[in-house]
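In what follows, a single structure is set out as structure tokens and then discussed.
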Amino acid sequence: MESKSLIKAAILTFMLAIGFIVYLELYWRGRGFMPTYNDDKVLWSTKRKEIYKPAEEATVFIGGSRIKFDLDVPTWEKLTGEKAIQLAIAGTPGRLVLRDLANDENFKGKVIMDVADAQFFSFPDSARRDRLAREAIAYYYDETPAQRASAYINYFLESKLVLLEEGKYGLTSLLDDLHLTNRPGVNVSPATFTPKEFGVINFNRQTCITPMFLADPKLQKRQKDFWTRGIKNASPIKGDTLHAFLEQTKKAIDKIRARGGKVVFVRPPSDGPYIEMETRLYPRQKYWDQLLKYTNSFGIHFSDYPIISKLKCAEWSHLAQPDAARYTVQLVRILHEEAGWEFPNTKKNSKSTFQLLNK
Amino acid sequence: MVFNSYTFIAFFIIMLILHNLPFSWTVKKVNLLLASYIFYAAWNPPFILLLWLSTVVDYFVGRALYTQENKYKKRMLLVISLIGNLGMLCFFKYGGFLLDNFVALVNLVGLDFHPAKPNIILPAGISFYTFTTLCYTIDMYHKKSEPVKSMLDFSLFVTFFPHLVAGPIVRPPQLVPQFESPRKANQQQLVQGLFLVSLGLFMKVVLADTLLSSSSDAVFNFPAPLLALDAWMGVLAFSGQIFFDFAGYSTCAIGVAMCLGFVLPENFRYPYAAIGFSDFWRRWHITLSSWLRDYLYIPIGGNRKGEVRTYVNLMITMLLGGLWHGANWTFVVWGALHGTYLCVERLIREKFVSTPKQPEESVSSPVVVQAAIVPTFGRSNSFNNFLLAMFTFFLINVTWVFFRAADFSTAWRLLASMFGQADNGVALLETINIIKVTTVVTLMVIFHWFMRNTSVLQVAHKMKWWGVAMVWSFMIIALVISQKSSDSFIYFQF
């Protein structure tokens, strides 16, 4: 082929590729989707670097998806004057991250750990369940300067383009959307069931339920069905295994406390048939209460607080706005009034903010 | 820094601009050298010192080897270079492995010895750049080519970023002359280079990472027996993944170099269309098999010391070739299997196939042509040849089990599953993944078969320009849609 023909081929290629990308971007925006960030190990690692701020400037949140949805980061930061470092990883119990923080001698800050019974008290050190956390932690320690630079270029592009969310619009996700029938016994990736409209992730790693999801009962049912299937397969740990697990958790917490850090557990709201299943499989006295007693920790269980109990989850398990903001307000107040946490950087108008959100 | 990353795209654009500005050739070479060090340092900055040390030592030792007339001093200098390069490689790559095996041996004889496990980071690309510098010093010993005239040119030969971390392994005569006079890509080379970069990224990101890696990882990481279908899907996924990953890297490297006006040697030639294992090694990681032929197989005797020694030399070469890939006995077994296949193939040809003998050294044929008679039937595309190629592919897949498995128990378990010998095998893979693997691997094999005697650029040159554009834009669109996070290349760990 002559040089001229090659140039023509390159120009046509460029035009076709750009044209398709523009079409794809407009297609997803036309369906109501907005730019979001990949909630991956790279973003987690970026946040993980921030944990070394002084204790009065930041609190680290770990656990699973509930605290990712239910903690409203702007509300937290406005009320406390502190940064919320969101290290929770959806679909994981947070154990490995807790251990990572415990083993990091330089971490002396405050930790709020989300406990979702079906994850926290199941499958101790399961390779599958903890895989995402394991990968994120390994990536944090192995990240190269080139990867870090790439990440910041990527964040800029992700903030502008809808189609760059790999988990929703990537080729793997699009193929998974075919929902082909599987052979009996094959475990299907949870990501396959979660509707694309479920949540968007901002740079703070907060996940927000979208108006599209809230407006569509079919999507909510799909997500509820997924939770039901998940909890039916739950395998609560008991006896010696539970004891060993509590001991491991206690050791990690003691390490953080020995360095001057703090750890508090939170049990965010769930409702509908889901809370009934959770309560049946994971009775509070046997699990939540045991956890607090064994680790000598303060805990905020949603059912102990009438205001939080009345908050409604969008699909039995996660709060949407503005309930997430309300939950965060209560969290801050309880931590301050009952757990003795001081927020020295609180702004003067925070009291009026409390009153405003309690209306 | 990996090719499939935004950082590399930014880096490459800057390099292209700098390389095409009206600087002197020396300035451009300095730019390329500094860029290559930055490229390497972007992985782990302190290890630049290792690379630099290897470069400096071998430059001066190489010059001394060429000019030294005293036989004993010459040998001493070669030993210094070998110890320096291989010592460094052994320490970083095999230090832990050697210690583990020593401890196992010592414990076996009843001594209680449990040393602390050393935390040795394996420098990226050490296996590759070590072989590159060894090429040079051994060639200087044999006076196969002239010493490189300047430290700048030699440094650039060793560290030229397209080939630095995962090959192709270049020989001094292949690259050094290209640094002696100004080079930059003309329009055709630039466009061809960009096409190859796109193709390489498509192979790596779309085919290897997006469509195949999850099935391969799921199967090889599964701790229990599987149904035969799942086991085979995982192994086939890996055979596709490793080809697309490594060939993708080489294609990117060749494309990047072409955009800068340089030519790197071909490293893959549709290996899954190979008919027999000697053909396979003429097509898979060509620069490594050439290196093993010229610097290991021939020096230890090749096929010049009788039939038995030929087989022994072949096995030694393949065993060490296996070990080169990683510090694990599974890699040695992988090498041993290939060695066995090659020996059996040679035996069959010697006894049952009468074909004209090839000359002792065939310049264009890598490692094991010396140990096997080139098959006359390899040249046509008959149905029988296709069946033979499929049989070769089947045997290659068996070897990949050992290559990919973390340990022997995983390998045996998977082999048992593959051949229906496992009790209580489970279904693991989702239907969509089975379809992905089947589709990609089938198309890969068909593509290899029809492309086995040609190349992508040759085919592209015969196509209409709009046809090339359609294929090219399809690859770029697939790249954008795949959006796979920048996973490193498999061969970075070797």
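Chains: A, B, ... in order of the structure tokens. Residues: from 1 per chain. Ligands: from 1, in order shown.
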Can you list every residue of chain A that has an atom at most 8 Å from chain B, with its nearest atom pair and the distance in Å to one decimal, using only C-alpha atoms, ordered by chain then number, as JSON lines?
{"residue": "A:Met1", "atom": "CA", "partner": "B:His461", "partner_atom": "CA", "distance": 4.5}
{"residue": "A:Glu2", "atom": "CA", "partner": "B:Gln188", "partner_atom": "CA", "distance": 7.9}
{"residue": "A:Ser3", "atom": "CA", "partner": "B:Gln188", "partner_atom": "CA", "distance": 5.2}
{"residue": "A:Ser5", "atom": "CA", "partner": "B:Trp465", "partner_atom": "CA", "distance": 5.6}
{"residue": "A:Leu6", "atom": "CA", "partner": "B:Trp465", "partner_atom": "CA", "distance": 6.5}
{"residue": "A:Ile7", "atom": "CA", "partner": "B:Val191", "partner_atom": "CA", "distance": 6.9}
{"residue": "A:Lys8", "atom": "CA", "partner": "B:Trp465", "partner_atom": "CA", "distance": 6.9}
{"residue": "A:Ala9", "atom": "CA", "partner": "B:Ala469", "partner_atom": "CA", "distance": 4.7}
{"residue": "A:Ala10", "atom": "CA", "partner": "B:Ala469", "partner_atom": "CA", "distance": 6.5}
{"residue": "A:Leu12", "atom": "CA", "partner": "B:Ala469", "partner_atom": "CA", "distance": 5.9}
{"residue": "A:Thr13", "atom": "CA", "partner": "B:Ala469", "partner_atom": "CA", "distance": 4.8}
{"residue": "A:Phe14", "atom": "CA", "partner": "B:Ser473", "partner_atom": "CA", "distance": 7.1}
{"residue": "A:Leu16", "atom": "CA", "partner": "B:Ser473", "partner_atom": "CA", "distance": 6.2}
{"residue": "A:Ala17", "atom": "CA", "partner": "B:Ser473", "partner_atom": "CA", "distance": 5.4}
{"residue": "A:Phe20", "atom": "CA", "partner": "B:Ile477", "partner_atom": "CA", "distance": 7.2}
{"residue": "A:Ile21", "atom": "CA", "partner": "B:Ile477", "partner_atom": "CA", "distance": 7.4}
{"residue": "A:Thr144", "atom": "CA", "partner": "B:Trp43", "partner_atom": "CA", "distance": 5.0}
{"residue": "A:Pro145", "atom": "CA", "partner": "B:Ala42", "partner_atom": "CA", "distance": 5.2}
{"residue": "A:Ala146", "atom": "CA", "partner": "B:Ala42", "partner_atom": "CA", "distance": 4.8}
{"residue": "A:Gln147", "atom": "CA", "partner": "B:Met1", "partner_atom": "CA", "distance": 7.3}
{"residue": "A:Ala149", "atom": "CA", "partner": "B:Thr7", "partner_atom": "CA", "distance": 6.1}
{"residue": "A:Ser150", "atom": "CA", "partner": "B:Thr7", "partner_atom": "CA", "distance": 4.8}
{"residue": "A:Ile153", "atom": "CA", "partner": "B:Tyr6", "partner_atom": "CA", "distance": 6.6}
{"residue": "A:Asn154", "atom": "CA", "partner": "B:Tyr6", "partner_atom": "CA", "distance": 7.2}
{"residue": "A:Leu163", "atom": "CA", "partner": "B:Ile481", "partner_atom": "CA", "distance": 7.9}
{"residue": "A:Leu164", "atom": "CA", "partner": "B:Gln483", "partner_atom": "CA", "distance": 6.9}
{"residue": "A:Glu165", "atom": "CA", "partner": "B:Gln483", "partner_atom": "CA", "distance": 8.0}
{"residue": "A:Glu166", "atom": "CA", "partner": "B:Gln483", "partner_atom": "CA", "distance": 5.7}
{"residue": "A:Tyr169", "atom": "CA", "partner": "B:Ile481", "partner_atom": "CA", "distance": 7.2}
{"residue": "A:Gly170", "atom": "CA", "partner": "B:Ser482", "partner_atom": "CA", "distance": 5.0}
{"residue": "A:Leu171", "atom": "CA", "partner": "B:Ser482", "partner_atom": "CA", "distance": 4.7}
{"residue": "A:Thr172", "atom": "CA", "partner": "B:Thr210", "partner_atom": "CA", "distance": 6.6}
{"residue": "A:Leu175", "atom": "CA", "partner": "B:Ile432", "partner_atom": "CA", "distance": 7.2}
{"residue": "A:Asp176", "atom": "CA", "partner": "B:Ile432", "partner_atom": "CA", "distance": 7.0}
{"residue": "A:Leu180", "atom": "CA", "partner": "B:Thr431", "partner_atom": "CA", "distance": 6.5}
{"residue": "A:Thr181", "atom": "CA", "partner": "B:Thr431", "partner_atom": "CA", "distance": 6.8}
{"residue": "A:Asn182", "atom": "CA", "partner": "B:Thr431", "partner_atom": "CA", "distance": 5.4}
{"residue": "A:Arg183", "atom": "CA", "partner": "B:Ala427", "partner_atom": "CA", "distance": 7.2}
{"residue": "A:Pro184", "atom": "CA", "partner": "B:Ala427", "partner_atom": "CA", "distance": 7.8}
{"residue": "A:Gly185", "atom": "CA", "partner": "B:Ala427", "partner_atom": "CA", "distance": 6.5}
{"residue": "A:Val186", "atom": "CA", "partner": "B:Leu428", "partner_atom": "CA", "distance": 5.3}
{"residue": "A:Asn187", "atom": "CA", "partner": "B:Leu428", "partner_atom": "CA", "distance": 7.1}
{"residue": "A:Val188", "atom": "CA", "partner": "B:Glu430", "partner_atom": "CA", "distance": 6.7}
Would you list, as a ChimeraX atom specification, the residues of range 1-52 of chain B that end up in alpha helix (DSSP H) under DSSP run on this structure's backbone? /B:6-19,25-41,48-52
How many Å lie between CA of Leu281 in chain A and CA of Leu311 in chain A, rounded to one decimal?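 Spanning CA of Leu281 in chain A to CA of Leu311 in chain A is a straight-line distance of 22.6 Å.
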Within 10 Å of Gly261 in chain B using only C-alpha atoms, minus same-chain residues under 3 positions, as a list in words: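 The residues that qualify are His19, Gln178, Pro182, Arg183, Lys184, Ala185, Asn186, Gln189, Leu190, Gly193, Gly255, Val256, Ala257 and Met258 of chain B.
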Can you write out the residues you just picked, keeping N, CA and C atoms, as a PDB file, in the first residue's frame?
ATOM      1  N   HIS B  19      11.766  13.564  19.195  1.00  0.00           N
ATOM      2  CA  HIS B  19      12.576  12.844  18.205  1.00  0.00           C
ATOM      3  C   HIS B  19      12.467  13.477  16.816  1.00  0.00           C
ATOM      4  N   GLN B 178      21.944   0.856  13.827  1.00  0.00           N
ATOM      5  CA  GLN B 178      20.844   1.804  13.653  1.00  0.00           C
ATOM      6  C   GLN B 178      21.078   3.100  14.442  1.00  0.00           C
ATOM      7  N   PRO B 182      21.594   9.187  11.776  1.00  0.00           N
ATOM      8  CA  PRO B 182      20.271   9.702  12.156  1.00  0.00           C
ATOM      9  C   PRO B 182      19.139   8.878  11.553  1.00  0.00           C
ATOM     10  N   ARG B 183      18.139   8.628  12.380  1.00  0.00           N
ATOM     11  CA  ARG B 183      16.959   7.894  11.921  1.00  0.00           C
ATOM     12  C   ARG B 183      15.707   8.537  12.479  1.00  0.00           C
ATOM     13  N   LYS B 184      14.761   8.687  11.641  1.00  0.00           N
ATOM     14  CA  LYS B 184      13.423   8.977  12.128  1.00  0.00           C
ATOM     15  C   LYS B 184      12.439   8.375  11.142  1.00  0.00           C
ATOM     16  N   ALA B 185      11.257   8.115  11.626  1.00  0.00           N
ATOM     17  CA  ALA B 185      10.282   7.401  10.805  1.00  0.00           C
ATOM     18  C   ALA B 185       9.767   8.305   9.686  1.00  0.00           C
ATOM     19  N   ASN B 186       9.637   7.738   8.485  1.00  0.00           N
ATOM     20  CA  ASN B 186       8.921   8.477   7.440  1.00  0.00           C
ATOM     21  C   ASN B 186       7.422   8.247   7.672  1.00  0.00           C
ATOM     22  N   GLN B 189       6.351   4.542   7.804  1.00  0.00           N
ATOM     23  CA  GLN B 189       6.794   3.840   9.024  1.00  0.00           C
ATOM     24  C   GLN B 189       5.986   4.292  10.227  1.00  0.00           C
ATOM     25  N   LEU B 190       5.698   5.591  10.280  1.00  0.00           N
ATOM     26  CA  LEU B 190       4.955   6.118  11.416  1.00  0.00           C
ATOM     27  C   LEU B 190       3.566   5.492  11.463  1.00  0.00           C
ATOM     28  N   GLY B 193       3.818   1.864  12.250  1.00  0.00           N
ATOM     29  CA  GLY B 193       4.169   1.711  13.661  1.00  0.00           C
ATOM     30  C   GLY B 193       2.959   1.907  14.558  1.00  0.00           C
ATOM     31  N   GLY B 255       6.237  -1.784  17.103  1.00  0.00           N
ATOM     32  CA  GLY B 255       5.521  -0.611  16.586  1.00  0.00           C
ATOM     33  C   GLY B 255       6.077   0.689  17.135  1.00  0.00           C
ATOM     34  N   VAL B 256       6.354   0.722  18.414  1.00  0.00           N
ATOM     35  CA  VAL B 256       6.910   1.934  19.033  1.00  0.00           C
ATOM     36  C   VAL B 256       8.271   2.255  18.418  1.00  0.00           C
ATOM     37  N   ALA B 257       9.104   1.222  18.292  1.00  0.00           N
ATOM     38  CA  ALA B 257      10.422   1.435  17.694  1.00  0.00           C
ATOM     39  C   ALA B 257      10.290   1.941  16.256  1.00  0.00           C
ATOM     40  N   MET B 258       9.318   1.380  15.535  1.00  0.00           N
ATOM     41  CA  MET B 258       9.115   1.776  14.130  1.00  0.00           C
ATOM     42  C   MET B 258       8.717   3.243  14.046  1.00  0.00           C
TER      43      MET B 258
END
Sorted per-residue table, range 150-187 of chain B near range 270-290 of chain B, closest atoms and distance, 10 Å, only C-alpha atoms, as CSV:
residue,atom,partner,partner_atom,distance
B:Gly167,CA,B:Thr287,CA,8.0
B:Pro168,CA,B:Thr287,CA,6.0
B:Ile169,CA,B:Thr287,CA,5.4
B:Val170,CA,B:Thr287,CA,7.2
B:Arg171,CA,B:Thr287,CA,9.0
Fewer than 6 positions away in the same chain doesn't count, so skip those; otherwise give me all residues within 6 Å of range 80-92 of chain A, counting only C-alpha atoms, as a PyMOL selection string. chain A and resi 57-65+129-130+205+343+345-346
Pick from A:Arg284, A:Gly230, A:Pro268, A:Thr279 nearest to Tyr305 in chain A, counting only C-alpha atoms: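 Using only C-alpha atoms, the shortest distance to Tyr305 in chain A belongs to A:Pro268.
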May I have the residues within 8 Å of Tyr274 in chain A as a PyMOL selection string, using only C-alpha atoms and disregarding those fewer than 4 positions away in the same chain? chain A and resi 227-228+270+278+316-317
Fewer than 5 positions away in the same chain doesn't count, so skip those; otherwise give me all residues within 9 Å of Lys108 in chain A, counting only C-alpha atoms, as a PyMOL selection string. chain A and resi 51-55+101-102+256-262
